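Asks: This structure is in structure tokens; I'll ask about it shortly.
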Amino acid sequence: MAGAIWAVAQLEDGRPKGVSFETVAAAQKLGEALGKPVEAVVMGSGARSAAEAVAAKELEAVRLIDDPKLDPYTPDPYAAAMTRAVEAESPDYVLFPHTYQVRDWVPRLAAALDAGFVSDVVAFRVEEGTPVFVRQPYQGKLNADCVFADEGSDGVRFVSLQAGAYLASDAAAGDAAAEIVEQEIDLGDLETRTEVVDTFQEVVDKVDLSRADVIVAVGRGIGKEERLDIVRELADALGGQLAASRPVCDNEWLPMDRQIGSSGQTVAPKLYLAVGISGAIQHLVGMKNSGTIVAINKDPNAPIFAVSDYGIVGDLFEVVPALTQKVKEARGAA
Ligand SMILES: Cc1cc2nc3c(=O)[nH]c(=O)nc-3n(C[C@H](O)[C@H](O)[C@H](O)COP(=O)(O)OP(=O)(O)OC[C@H]3O[C@@H](n4cnc5c(N)ncnc54)[C@H](O)[C@@H]3O)c2cc1C
């Protein structure tokens, strides 16, 4: 639909990844603020069931671009298919999750259409009808307000959203399933210049914390690297991932890919346990959208308690082992 806002889903094993629904939630918010219709786009091969999953959300339509050339993922067919879809339908804004795939193919899409692309957006607001997108360049040292230079003129604008910036659970469900519209795109003439030989999940040490349901994050309060094991044990007992505040990573007690915050990862797990973390703003921006936040800190005035659902004021060296023991008992593992 001309003038619409599109939310582009990303599939994994034929199903929409969670970040797809974060993108839908952001598109719904933008659509509401601008008074524009919101549609989703699902691209893949044999992707109808993924389109049906997305169609449960409150959307004008789900556009399904289904072509064997779209599986496995390679950038040429994705960029070509979306170029043609945009040319045919003239959406105003196209929103993507800021995934590795999106980083790969959306810049070439934007170049092909001579359109702007604001990437890795953490928030947006609408000022006098114009969206202002916030991104954090230089490892989160700055907040930059970005406005498309061509606002007000015809043409498409591309935006990608940092994982966790918007909540998948905020994506409103529709009263009835949205209509699935098959977007006829002919990729028959397209030469795919890359071939997928193998896919792998980064190196073992690289952890995508945005996928974790439970995160136990440890801060400077732990004092020494040798003491990390008590927190690691709690994370293991909960079946969660171990993460950290910046000083822990700066001290190389844990690798950088475990850091949460403005210069680390942005996460929104169901449960976030902050152990010996004060709650500096640079940490909070990375985890404040978590479902339930529990903080353990010996300082009752620590700012982390302001964003916590449950707070335990106490010495982490007493509280954490006791909690681990209780979790193990509850899970029948003690
Ligand atoms: C540009 C920039 C980017 C940054 N990016 C990030 C980022 O991405 N992520 C991030 O985390 N930080 C970031 N920071 C750093 C941030 O400002 C804070 O310095 C940092 O988050 C503090 O980490 P912390 O809470 O672990 O340590 P502290 O602030 O030192 O807090 C330690 C806490 O542990 C508690 N404590 C101590 N002993 C115990 C005990 N025995 N039991 C219980 N509690 C105890 C203390 O009461 C205190 O609240 C950034 C800073 C800048 C300037």
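By order of appearance in the structure tokens: chains A, B, ..., then residues from 1 within every chain, and ligands from 1 in the order shown.
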Which residues are near ligand 1 - at most 6 Å, using only C-alpha atoms and all ligand atoms? Format: as a PyMOL selection string.
Replies: chain A and resi 140-141+219-221+245-247+260-264+276-280+282-283+296-299+302+314-317
Asks: Write the selection just made, keeping C-alpha atoms, as a PDB file, in the first residue's frame?
Replies:
ATOM      1  CA  GLY A 140      27.456   4.341  22.638  1.00  0.00           C
ATOM      2  CA  LYS A 141      29.384   7.456  23.622  1.00  0.00           C
ATOM      3  CA  GLY A 219      29.147  -6.153  38.264  1.00  0.00           C
ATOM      4  CA  ARG A 220      32.204  -4.697  39.952  1.00  0.00           C
ATOM      5  CA  GLY A 221      30.731  -5.726  43.305  1.00  0.00           C
ATOM      6  CA  SER A 245      28.641  -4.651  33.442  1.00  0.00           C
ATOM      7  CA  ARG A 246      31.455  -2.806  31.724  1.00  0.00           C
ATOM      8  CA  PRO A 247      34.115  -2.822  34.471  1.00  0.00           C
ATOM      9  CA  ILE A 260      25.352  -5.317  28.670  1.00  0.00           C
ATOM     10  CA  GLY A 261      24.729  -1.641  28.109  1.00  0.00           C
ATOM     11  CA  SER A 262      25.134   1.278  25.772  1.00  0.00           C
ATOM     12  CA  SER A 263      28.507   0.046  24.543  1.00  0.00           C
ATOM     13  CA  GLY A 264      27.577  -3.633  24.869  1.00  0.00           C
ATOM     14  CA  GLY A 276      26.685  -6.240  42.450  1.00  0.00           C
ATOM     15  CA  ILE A 277      25.759  -3.763  39.708  1.00  0.00           C
ATOM     16  CA  SER A 278      25.062  -0.157  40.708  1.00  0.00           C
ATOM     17  CA  GLY A 279      22.724   0.682  37.815  1.00  0.00           C
ATOM     18  CA  ALA A 280      24.541   3.425  35.902  1.00  0.00           C
ATOM     19  CA  GLN A 282      24.866   3.226  30.467  1.00  0.00           C
ATOM     20  CA  HIS A 283      24.056  -0.163  31.955  1.00  0.00           C
ATOM     21  CA  ILE A 296      21.197  -7.926  44.592  1.00  0.00           C
ATOM     22  CA  ASN A 297      23.217  -5.069  46.065  1.00  0.00           C
ATOM     23  CA  LYS A 298      24.498  -4.191  49.524  1.00  0.00           C
ATOM     24  CA  ASP A 299      23.728  -0.492  48.986  1.00  0.00           C
ATOM     25  CA  ALA A 302      21.872   1.809  44.441  1.00  0.00           C
ATOM     26  CA  GLY A 314      22.564  -7.715  51.114  1.00  0.00           C
ATOM     27  CA  ASP A 315      26.025  -9.073  50.582  1.00  0.00           C
ATOM     28  CA  LEU A 316      26.113 -10.950  47.290  1.00  0.00           C
ATOM     29  CA  PHE A 317      28.557 -13.471  48.752  1.00  0.00           C
TER      30      PHE A 317
END
Asks: Have a look at A:Leu271, A:Val207, A:Val38, A:Ala80 and name the one nearest to Ala7 of chain A; count only C-alpha atoms.
Replies: A:Val38
Asks: Need the shell around Asp76 of chain A: protein/DNA/RNA residues with any atom at most 10 Å away, counting only C-alpha atoms. Skip same-chain ones fewer than 6 positions apart. Format as a list in words?
Replies: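 Within the cut-off, the hits are Lys69, Leu70, Asp104, Trp105, Arg108, Leu109, Leu190, Glu191, Thr192, Arg193 and Thr194 of chain A.
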Asks: Store the residues of this selection in a file with N, CA and C atoms, as a PDB file, in the first residue's frame.
Replies:
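Resulting contents of part04.pdb:
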ATOM      1  N   LYS A  69      14.913 -18.805  -4.525  1.00  0.00           N
ATOM      2  CA  LYS A  69      16.210 -18.108  -4.463  1.00  0.00           C
ATOM      3  C   LYS A  69      16.435 -17.412  -3.117  1.00  0.00           C
ATOM      4  N   LEU A  70      15.372 -17.360  -2.297  1.00  0.00           N
ATOM      5  CA  LEU A  70      15.511 -16.672  -1.005  1.00  0.00           C
ATOM      6  C   LEU A  70      15.914 -17.629   0.125  1.00  0.00           C
ATOM      7  N   ASP A 104      24.068  -6.884   6.175  1.00  0.00           N
ATOM      8  CA  ASP A 104      24.675  -7.361   4.937  1.00  0.00           C
ATOM      9  C   ASP A 104      23.924  -6.855   3.702  1.00  0.00           C
ATOM     10  N   TRP A 105      22.581  -6.968   3.713  1.00  0.00           N
ATOM     11  CA  TRP A 105      21.886  -6.699   2.452  1.00  0.00           C
ATOM     12  C   TRP A 105      21.166  -5.360   2.374  1.00  0.00           C
ATOM     13  N   ARG A 108      22.974  -2.370   0.522  1.00  0.00           N
ATOM     14  CA  ARG A 108      22.954  -2.430  -0.956  1.00  0.00           C
ATOM     15  C   ARG A 108      21.550  -2.149  -1.494  1.00  0.00           C
ATOM     16  N   LEU A 109      20.528  -2.510  -0.706  1.00  0.00           N
ATOM     17  CA  LEU A 109      19.152  -2.153  -1.084  1.00  0.00           C
ATOM     18  C   LEU A 109      18.991  -0.635  -1.114  1.00  0.00           C
ATOM     19  N   LEU A 190      17.687 -13.315 -12.084  1.00  0.00           N
ATOM     20  CA  LEU A 190      18.692 -12.828 -11.155  1.00  0.00           C
ATOM     21  C   LEU A 190      19.870 -13.785 -11.013  1.00  0.00           C
ATOM     22  N   GLU A 191      21.045 -13.197 -11.118  1.00  0.00           N
ATOM     23  CA  GLU A 191      22.248 -13.994 -10.913  1.00  0.00           C
ATOM     24  C   GLU A 191      22.696 -13.829  -9.457  1.00  0.00           C
ATOM     25  N   THR A 192      22.738 -14.953  -8.723  1.00  0.00           N
ATOM     26  CA  THR A 192      23.193 -14.894  -7.336  1.00  0.00           C
ATOM     27  C   THR A 192      24.699 -15.068  -7.319  1.00  0.00           C
ATOM     28  N   ARG A 193      25.380 -14.053  -6.823  1.00  0.00           N
ATOM     29  CA  ARG A 193      26.849 -14.066  -6.933  1.00  0.00           C
ATOM     30  C   ARG A 193      27.536 -14.769  -5.770  1.00  0.00           C
ATOM     31  N   THR A 194      26.746 -15.105  -4.732  1.00  0.00           N
ATOM     32  CA  THR A 194      27.367 -15.797  -3.599  1.00  0.00           C
ATOM     33  C   THR A 194      26.712 -17.145  -3.384  1.00  0.00           C
TER      34      THR A 194
END
Asks: Which residues in segment 157-297 of chain A does DSSP call strand (DSSP E or B)? List them as a PyMOL selection string.
Replies: chain A and resi 157-161+173+179-182+214-218+241-244+259-260+265+271-275+292-297
Asks: At what distance in Å, to one decimal, does atom CA of Ile65 of chain A lie from atom CA of Met43 of chain A?
Replies: 4.7 Å
Asks: Looking at only C-alpha atoms, which of A:Gly46, A:Gly35, A:Pro77, A:Pro303 is the one that sits closest to Asp189 of chain A?
Replies: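 Answer, going by the shortest atom-to-atom distance: A:Pro77.
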Asks: Pull the helix (DSSP H, G or I) assignments for segment 42-148 of chain A out of DSSP run on the backbone, and list those residues as a PyMOL selection string.
Replies: chain A and resi 48-54+68-70+75-89+100-112+137-140
Asks: Using only C-alpha atoms, which of the listed residues (A:Cys249, A:Leu161, A:Val313, A:Leu64) sits closest to Val24 of chain A?
Replies: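 Counting only C-alpha atoms, the residue closest to Val24 of chain A is A:Leu161.
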Asks: At a cut-off of 12 Å, using only C-alpha atoms, what residues contact Ala149 of chain A? Leave out same-chain residues fewer than 2 positions from it and give the result as a ChimeraX atom specification.
Replies: /A:115-118,130-132,146-147,151-157
Asks: Taking N, CA and C atoms for each residue, export the selection above as a compact mmCIF listing (two decimals), in the first residue's frame.
Replies:
# COMPACT_ATOMS: atom_id res chain seq x y z
N ALA A 115 18.22 5.56 -1.50
CA ALA A 115 17.40 5.95 -0.35
C ALA A 115 18.26 5.99 0.91
N GLY A 116 17.78 6.68 1.93
CA GLY A 116 18.50 6.78 3.19
C GLY A 116 18.30 5.55 4.06
N PHE A 117 19.29 5.25 4.89
CA PHE A 117 19.21 4.10 5.80
C PHE A 117 19.78 4.53 7.16
N VAL A 118 18.91 4.61 8.17
CA VAL A 118 19.38 4.88 9.54
C VAL A 118 19.41 3.54 10.25
N THR A 130 7.34 14.59 12.01
CA THR A 130 8.59 14.05 11.44
C THR A 130 9.24 13.08 12.42
N PRO A 131 9.51 11.85 12.01
CA PRO A 131 10.18 10.93 12.92
C PRO A 131 11.64 11.30 13.14
N VAL A 132 12.04 11.24 14.40
CA VAL A 132 13.43 11.48 14.77
C VAL A 132 13.96 10.17 15.33
N CYS A 146 18.59 11.48 14.40
CA CYS A 146 18.71 11.45 12.94
C CYS A 146 17.34 11.70 12.30
N VAL A 147 17.32 12.61 11.34
CA VAL A 147 16.11 12.88 10.56
C VAL A 147 16.48 12.69 9.10
N GLU A 151 12.76 14.00 4.11
CA GLU A 151 11.42 13.94 4.69
C GLU A 151 10.51 14.92 3.95
N GLY A 152 9.28 14.49 3.72
CA GLY A 152 8.32 15.38 3.05
C GLY A 152 8.27 15.13 1.56
N SER A 153 9.29 14.48 1.01
CA SER A 153 9.22 14.18 -0.42
C SER A 153 8.86 12.71 -0.61
N ASP A 154 8.52 12.34 -1.83
CA ASP A 154 8.20 10.94 -2.11
C ASP A 154 9.47 10.11 -1.94
N GLY A 155 9.29 8.84 -1.71
CA GLY A 155 10.48 7.98 -1.63
C GLY A 155 10.48 7.21 -0.34
N VAL A 156 11.24 6.13 -0.37
CA VAL A 156 11.26 5.20 0.77
C VAL A 156 12.43 5.55 1.69
N ARG A 157 12.27 5.20 2.98
CA ARG A 157 13.34 5.43 3.97
C ARG A 157 13.50 4.14 4.76
Asks: Ranking A:Ile185, A:Val307, A:Ala4, A:Ala9 by minimum distance to Leu30 of chain A and counting only C-alpha atoms, which one comes first?
Replies: A:Ala4
